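The next block holds one structure in the form of structure tokens; read it before the comments.
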Amino acid sequence: MKRWGIPFGLLLIALGAAFYYQQRQAAGRAGFPAPDFSLRDLDGHMHRLSDFRGKVVFLNLWATWCPPCRMEMPSMERLHQRLRGKDFAMLAVSEDEAGASAVEPFVHDMGLTFPILLDAEGVVPPRYGVTGYPETFLINREGQVVHHTIGPEDWDSEPVYQVLLELLKQNPDSTQATRAQQPIGS
């Protein structure tokens, strides 16, 4: 049993370091201008991120083959319904290489009503420094990333909802609106 102690200990240290690095990286990726992009949705309509300036934008990068992504989609739909009619936009960018053929059946089965953008060429992830899926960026009215979350969340939880309400209340000209904040955690 002794000969497994050192490798097991090194494995635990490596896993702890990876977790720490990922959390530090998430905290460090807020407080910057959201890089612009243009992508088509499932209906073929073009969406440009900069067209949403003046709204709070929930930008989620995901893929149908990603179990954590699939897990968080129902809570994203509930959040989308909860904030419908406010200056809020939810954009889910699919990174599926197969494009619409992989995404359409999933969206239909899940009953998703928010815009699903197709990024089969993987244009968006390098612009945001994405390391895996899902990753979510909350963008304030001025186009600044103010929150970044790596991994799945319960997006319709009360703490997340309150953070979004605060962002929606902020005046776009306010200096407080551009201040970077810590990632959301449940």
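So you can find residues: chains in the structure tokens are A, B, ... in the order shown, residues in each start at 1, and ligands are numbered from 1 in order.
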- Where in region 6-185 of chain A does DSSP assign strand (DSSP E), given as a ChimeraX atom specification? /A:32-33,38-41,46-48,56-62,88-94,116-118,135-139,144-150
- Message: If we count only C-alpha atoms and set the cut-off at 8 Å, which residues sit around region 70-74 of chain A, ignoring sequence neighbours fewer than 2 positions away in its own chain? Please answer as a PyMOL selection string.
- Response: chain A and resi 63-68+76-78+110+112+152-155
- Task: Report the distance between CA of Glu142 (chain A) and CA of Asp87 (chain A) in Å, rounded to one decimal place.
- Result: 12.4 Å
- Might you pull out every residue within 10 Å of region 164-171 of chain A, with only C-alpha atoms counted and same-chain residues fewer than 4 positions away left off, and present them as a list in words? Gly54, Lys55, Val56, Val57, Phe58, Leu79, Leu83, Lys86, Asp87, Phe88, Leu138, Ile139, Asn140, Arg141, Glu142, Val146, Glu158, Pro159, Val160, Thr175, Gln176, Ala177 and Thr178 of chain A
Could you give me, as a PDB file with C-alpha atoms, in the first residue's frame, the residues within 7 Å of Asn60 (chain A), counting only C-alpha atoms and dropping anything in the same chain fewer than 2 positions from it?
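Written file, result-v6.pdb:
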```pdb
ATOM      1  CA  PHE A  58     -25.917  36.469 -20.821  1.00  0.00           C
ATOM      2  CA  TRP A  62     -21.756  25.213 -24.924  1.00  0.00           C
ATOM      3  CA  LEU A  91     -27.277  34.164 -26.270  1.00  0.00           C
ATOM      4  CA  ALA A  92     -26.214  30.533 -26.293  1.00  0.00           C
ATOM      5  CA  VAL A  93     -23.337  29.901 -28.697  1.00  0.00           C
ATOM      6  CA  PRO A 134     -19.914  25.422 -20.540  1.00  0.00           C
ATOM      7  CA  GLU A 135     -18.543  28.881 -19.889  1.00  0.00           C
ATOM      8  CA  THR A 136     -20.770  31.883 -19.278  1.00  0.00           C
ATOM      9  CA  PHE A 137     -20.008  35.594 -19.467  1.00  0.00           C
TER      10      PHE A 137
END
```
- Note on the structure: Using only C-alpha atoms, the shortest atom-to-atom distance to Asp119 (chain A) among A:Leu49, A:Arg40, A:Gly85, A:Gly132 belongs to A:Arg40
- Query: Looking at only C-alpha atoms, which of A:Leu117, A:Phe52, A:Phe32, A:Gly151 is the one that sits closest to Val130 (chain A)?
  - Reply: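 Closest to Val130 (chain A) of all the choices is A:Gly151.
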- Val103 (chain A) environment, 9 Å, only C-alpha atoms, sequence neighbours closer than 3 positions dropped, as number ranges by chain: A: 42, 63-64, 94, 96, 98-100, 106-108, 116, 118
For the residues in that selection, give me N, CA and C atoms as a tab-separated table (two decimals), in the first residue's frame.
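Final output, result_32.tsv:
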```tsv
chain	number	residue	atom	x	y	z
A	42	LEU	N	-30.31	29.52	-35.54
A	42	LEU	CA	-30.87	28.35	-36.20
A	42	LEU	C	-31.81	28.71	-37.35
A	63	ALA	N	-21.97	23.01	-25.93
A	63	ALA	CA	-22.06	22.03	-27.01
A	63	ALA	C	-23.04	20.93	-26.61
A	64	THR	N	-23.70	20.34	-27.59
A	64	THR	CA	-24.69	19.29	-27.31
A	64	THR	C	-24.04	18.04	-26.72
A	94	SER	N	-23.49	27.71	-29.67
A	94	SER	CA	-23.17	26.29	-29.81
A	94	SER	C	-21.84	26.12	-30.52
A	96	ASP	N	-20.81	23.15	-31.53
A	96	ASP	CA	-20.90	21.86	-32.23
A	96	ASP	C	-20.38	21.99	-33.65
A	98	ALA	N	-20.86	20.00	-36.04
A	98	ALA	CA	-21.90	19.57	-36.99
A	98	ALA	C	-22.94	20.66	-37.23
A	99	GLY	N	-22.89	21.74	-36.47
A	99	GLY	CA	-23.79	22.87	-36.67
A	99	GLY	C	-25.25	22.53	-36.39
A	100	ALA	N	-26.12	23.06	-37.24
A	100	ALA	CA	-27.57	22.95	-37.03
A	100	ALA	C	-28.06	21.51	-36.97
A	106	PHE	N	-31.73	18.92	-30.46
A	106	PHE	CA	-31.53	19.16	-29.03
A	106	PHE	C	-32.39	20.33	-28.57
A	107	VAL	N	-32.37	21.43	-29.30
A	107	VAL	CA	-33.15	22.62	-28.94
A	107	VAL	C	-34.64	22.29	-28.93
A	108	HIS	N	-35.09	21.54	-29.92
A	108	HIS	CA	-36.50	21.14	-29.99
A	108	HIS	C	-36.88	20.25	-28.80
A	116	ILE	N	-30.17	30.60	-30.16
A	116	ILE	CA	-29.05	29.66	-30.22
A	116	ILE	C	-28.24	30.03	-31.44
A	118	LEU	N	-24.84	29.57	-33.91
A	118	LEU	CA	-24.00	28.47	-34.38
A	118	LEU	C	-22.58	28.96	-34.65
```
